[in-house]
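Raw contents of protein-v2.cif, mmCIF, C-alpha atoms and all ligand atoms:
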```
data_input
#
loop_
_atom_site.group_PDB
_atom_site.id
_atom_site.type_symbol
_atom_site.label_atom_id
_atom_site.label_comp_id
_atom_site.auth_asym_id
_atom_site.auth_seq_id
_atom_site.Cartn_x
_atom_site.Cartn_y
_atom_site.Cartn_z
ATOM 1 C CA MET A 1 -7.358 25.257 44.845
ATOM 2 C CA LYS A 2 -8.242 25.390 48.571
ATOM 3 C CA SER A 3 -10.227 22.414 49.850
ATOM 4 C CA LYS A 4 -13.023 24.692 51.130
ATOM 5 C CA VAL A 5 -13.749 25.920 47.600
ATOM 6 C CA ARG A 6 -12.890 22.627 45.933
ATOM 7 C CA LEU A 7 -15.978 20.588 46.880
ATOM 8 C CA PRO A 8 -18.665 23.081 45.736
ATOM 9 C CA VAL A 9 -16.786 23.480 42.436
ATOM 10 C CA LEU A 10 -16.548 19.706 41.994
ATOM 11 C CA LEU A 11 -20.270 19.334 42.675
ATOM 12 C CA LYS A 12 -21.161 22.029 40.165
ATOM 13 C CA LEU A 13 -18.960 20.478 37.470
ATOM 14 C CA PHE A 14 -20.285 17.005 38.283
ATOM 15 C CA GLU A 15 -23.822 18.222 37.716
ATOM 16 C CA ARG A 16 -22.928 20.145 34.545
ATOM 17 C CA GLN A 17 -21.172 17.152 32.965
ATOM 18 C CA ASN A 18 -23.605 14.521 34.262
ATOM 19 C CA GLY A 19 -20.811 12.917 36.252
ATOM 20 C CA ARG A 20 -18.615 12.222 33.237
ATOM 21 C CA CYS A 21 -14.963 12.974 32.579
ATOM 22 C CA CYS A 22 -14.445 15.720 29.967
ATOM 23 C CA TYR A 23 -11.813 13.606 28.179
ATOM 24 C CA CYS A 24 -12.676 9.899 28.222
ATOM 25 C CA GLU A 25 -16.395 10.539 28.934
ATOM 26 C CA ARG A 26 -16.466 7.745 31.521
ATOM 27 C CA PHE A 27 -18.332 8.200 34.806
ATOM 28 C CA VAL A 28 -16.211 9.521 37.653
ATOM 29 C CA VAL A 29 -16.666 8.918 41.375
ATOM 30 C CA LEU A 30 -17.093 11.847 43.721
ATOM 31 C CA SER A 31 -16.396 11.124 47.371
ATOM 32 C CA ALA A 32 -15.130 12.780 50.536
ATOM 33 C CA ASP A 33 -13.292 9.531 51.325
ATOM 34 C CA TYR A 34 -9.540 9.954 50.844
ATOM 35 C CA LYS A 35 -9.094 6.339 49.684
ATOM 36 C CA ILE A 36 -11.711 6.748 46.957
ATOM 37 C CA GLN A 37 -10.123 10.036 45.891
ATOM 38 C CA GLN A 38 -6.975 8.074 44.999
ATOM 39 C CA ARG A 39 -8.783 5.861 42.471
ATOM 40 C CA SER A 40 -8.073 6.411 38.780
ATOM 41 C CA ASP A 41 -11.764 7.201 38.207
ATOM 42 C CA ALA A 42 -11.948 9.744 41.044
ATOM 43 C CA ALA A 43 -13.343 13.175 40.160
ATOM 44 C CA THR A 44 -10.771 15.960 39.832
ATOM 45 C CA ILE A 45 -10.940 19.587 38.813
ATOM 46 C CA GLU A 46 -9.179 20.090 35.502
ATOM 47 C CA HIS A 47 -7.830 23.423 34.282
ATOM 48 C CA LEU A 48 -8.437 23.366 30.510
ATOM 49 C CA ARG A 49 -5.770 25.994 30.041
ATOM 50 C CA ARG A 50 -3.135 24.776 32.470
ATOM 51 C CA ARG A 51 -2.193 26.988 35.379
ATOM 52 C CA ALA A 52 1.411 26.716 34.166
ATOM 53 C CA ASP A 53 0.227 28.418 30.933
ATOM 54 C CA GLY A 54 -1.616 31.185 32.764
ATOM 55 C CA GLY A 55 -4.983 29.393 33.124
ATOM 56 C CA THR A 56 -7.234 30.711 35.891
ATOM 57 C CA ASN A 57 -9.824 29.319 38.301
ATOM 58 C CA GLN A 58 -12.616 31.034 36.332
ATOM 59 C CA PRO A 59 -15.575 28.681 35.703
ATOM 60 C CA HIS A 60 -15.029 28.651 31.920
ATOM 61 C CA ASN A 61 -11.527 27.256 32.437
ATOM 62 C CA LEU A 62 -12.590 24.458 34.779
ATOM 63 C CA SER A 63 -13.823 21.021 33.873
ATOM 64 C CA LEU A 64 -14.424 17.678 35.541
ATOM 65 C CA ALA A 65 -11.889 14.982 34.694
ATOM 66 C CA CYS A 66 -11.063 11.570 36.088
ATOM 67 C CA LYS A 67 -7.778 11.325 37.947
ATOM 68 C CA ARG A 68 -6.226 9.163 35.234
ATOM 69 C CA CYS A 69 -6.886 11.679 32.451
ATOM 70 C CA ASN A 70 -5.901 14.631 34.622
ATOM 71 C CA GLN A 71 -2.528 13.053 35.370
ATOM 72 C CA GLU A 72 -1.935 11.602 31.902
ATOM 73 C CA ARG A 73 -2.632 14.798 29.912
ATOM 74 C CA GLY A 74 0.663 16.377 30.937
ATOM 75 C CA SER A 75 1.471 19.426 28.829
ATOM 76 C CA LEU A 76 -0.810 18.532 25.887
ATOM 77 C CA SER A 77 -3.559 21.033 25.080
ATOM 78 C CA TRP A 78 -6.958 19.870 26.348
ATOM 79 C CA ILE A 79 -8.400 19.530 22.833
ATOM 80 C CA LEU A 80 -5.504 17.406 21.616
ATOM 81 C CA TYR A 81 -5.678 15.157 24.657
ATOM 82 C CA ALA A 82 -9.490 14.834 24.382
ATOM 83 C CA THR A 83 -9.258 13.630 20.775
ATOM 84 C CA PHE A 84 -6.520 11.189 21.754
ATOM 85 C CA ARG A 85 -8.517 9.747 24.691
ATOM 86 C CA ARG A 86 -11.660 9.359 22.599
ATOM 87 C CA GLY A 87 -9.812 7.623 19.765
ATOM 88 C CA GLU A 88 -10.534 10.523 17.386
ATOM 89 C CA PHE A 89 -6.943 11.670 17.039
ATOM 90 C CA LEU A 90 -6.431 10.695 13.381
ATOM 91 C CA GLU A 91 -9.738 12.312 12.392
ATOM 92 C CA PHE A 92 -8.604 15.428 14.208
ATOM 93 C CA MET A 93 -5.243 15.494 12.409
ATOM 94 C CA GLU A 94 -7.042 15.031 9.080
ATOM 95 C CA ALA A 95 -9.430 17.890 9.917
ATOM 96 C CA ILE A 96 -6.649 20.384 10.733
ATOM 97 C CA LYS A 97 -4.376 19.348 7.820
ATOM 98 C CA PRO A 98 -3.668 22.307 5.521
ATOM 99 C CA GLN A 99 -5.506 22.001 2.192
ATOM 100 C CA ARG A 100 -3.335 21.652 -0.927
HETATM 101 ZN ZN ZN B 201 -11.090 10.475 31.953
#
```
Is it possible to give me this structure as structure tokens?
Ligand SMILES: [Zn+2]
Amino acid sequence: MKSKVRLPVLLKLFERQNGRCCYCERFVVLSADYKIQQRSDAATIEHLRRRADGGTNQPHNLSLACKRCNQERGSLSWILYATFRRGEFLEFMEAIKPQR
């Protein structure tokens, strides 16, 4: 995403999510300072459906995530990674287990 469009989008997401990461729910820092942008809690724009999987820049596909979560998620689906980061993974697996 071009840097001209990036900041307004970040601000909008920051406001929508009350400054919290969509995965770990911790507060993120939003700054124009390059050094601060390298911190693990720096605000980043996350594509819920990854661009590699055909995800777009449409608002419904964008979310605010801390740098750590954004980098750590890798190829996991956003819902799977969110449950993992919040420590709800086993509950999630139980919930989706086929009934016998
Ligand atoms: Zn996070």
Exercise for review: Could I get the residue neighbourhood of ligand ZN 201 (chain B) at 8 Å, counting all atoms listed in the file, as number ranges by chain?
Suggested key: A: 20-26, 28, 41, 65-70, 85
**Study point:** Two-atom distance - CA of Leu48 (chain A), CA of Ser63 (chain A) (Å)
**Key:**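 So the answer is 6.8 Å.
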Just need the box for region 80-94 of chain A, edges along x, y and z, holding every atom the file lists for it with 3 Å tacked onto each side, so centre and edge lengths in Å to one decimal, as JSON.
```
{"center_x": -8.5, "center_y": 12.5, "center_z": 16.9, "size_x": 12.4, "size_y": 15.8, "size_z": 21.6}
```
Check your understanding: A:Ala52, A:Thr83, A:Leu11, A:Glu72: which is nearest Ser31 (chain A), counting all atoms listed in the file?
Key ->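 Checking each of A:Ala52, A:Thr83, A:Leu11, A:Glu72 against Ser31 (chain A), counting all atoms listed in the file, the winner is A:Leu11.
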Enumerate, as an mmCIF file with C-alpha atoms, keeping the file's coordinate frame, the residues matched when the PyMOL selection byres (((chain A and resi 57) around 12) and not hetatm) is run on the file above.
```cif
data_model
loop_
_atom_site.group_PDB
_atom_site.id
_atom_site.type_symbol
_atom_site.label_atom_id
_atom_site.label_comp_id
_atom_site.auth_asym_id
_atom_site.auth_seq_id
_atom_site.Cartn_x
_atom_site.Cartn_y
_atom_site.Cartn_z
ATOM 1 C CA MET A 1 -7.358 25.257 44.845
ATOM 2 C CA LYS A 2 -8.242 25.390 48.571
ATOM 3 C CA VAL A 5 -13.749 25.920 47.600
ATOM 4 C CA ARG A 6 -12.890 22.627 45.933
ATOM 5 C CA VAL A 9 -16.786 23.480 42.436
ATOM 6 C CA ILE A 45 -10.940 19.587 38.813
ATOM 7 C CA GLU A 46 -9.179 20.090 35.502
ATOM 8 C CA HIS A 47 -7.830 23.423 34.282
ATOM 9 C CA LEU A 48 -8.437 23.366 30.510
ATOM 10 C CA ARG A 49 -5.770 25.994 30.041
ATOM 11 C CA ARG A 50 -3.135 24.776 32.470
ATOM 12 C CA ARG A 51 -2.193 26.988 35.379
ATOM 13 C CA GLY A 54 -1.616 31.185 32.764
ATOM 14 C CA GLY A 55 -4.983 29.393 33.124
ATOM 15 C CA THR A 56 -7.234 30.711 35.891
ATOM 16 C CA GLN A 58 -12.616 31.034 36.332
ATOM 17 C CA PRO A 59 -15.575 28.681 35.703
ATOM 18 C CA HIS A 60 -15.029 28.651 31.920
ATOM 19 C CA ASN A 61 -11.527 27.256 32.437
ATOM 20 C CA LEU A 62 -12.590 24.458 34.779
ATOM 21 C CA SER A 63 -13.823 21.021 33.873
#
```
**Study point:** Atomic distance CA of Thr44 (chain A) - CA of Leu10 (chain A), expressed in Å with one decimal
**Key:**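 CA of Thr44 (chain A) sits 7.2 Å away from CA of Leu10 (chain A).
Going from CA of Leu30 (chain A) to CA of Ala43 (chain A) covers 5.3 Å.
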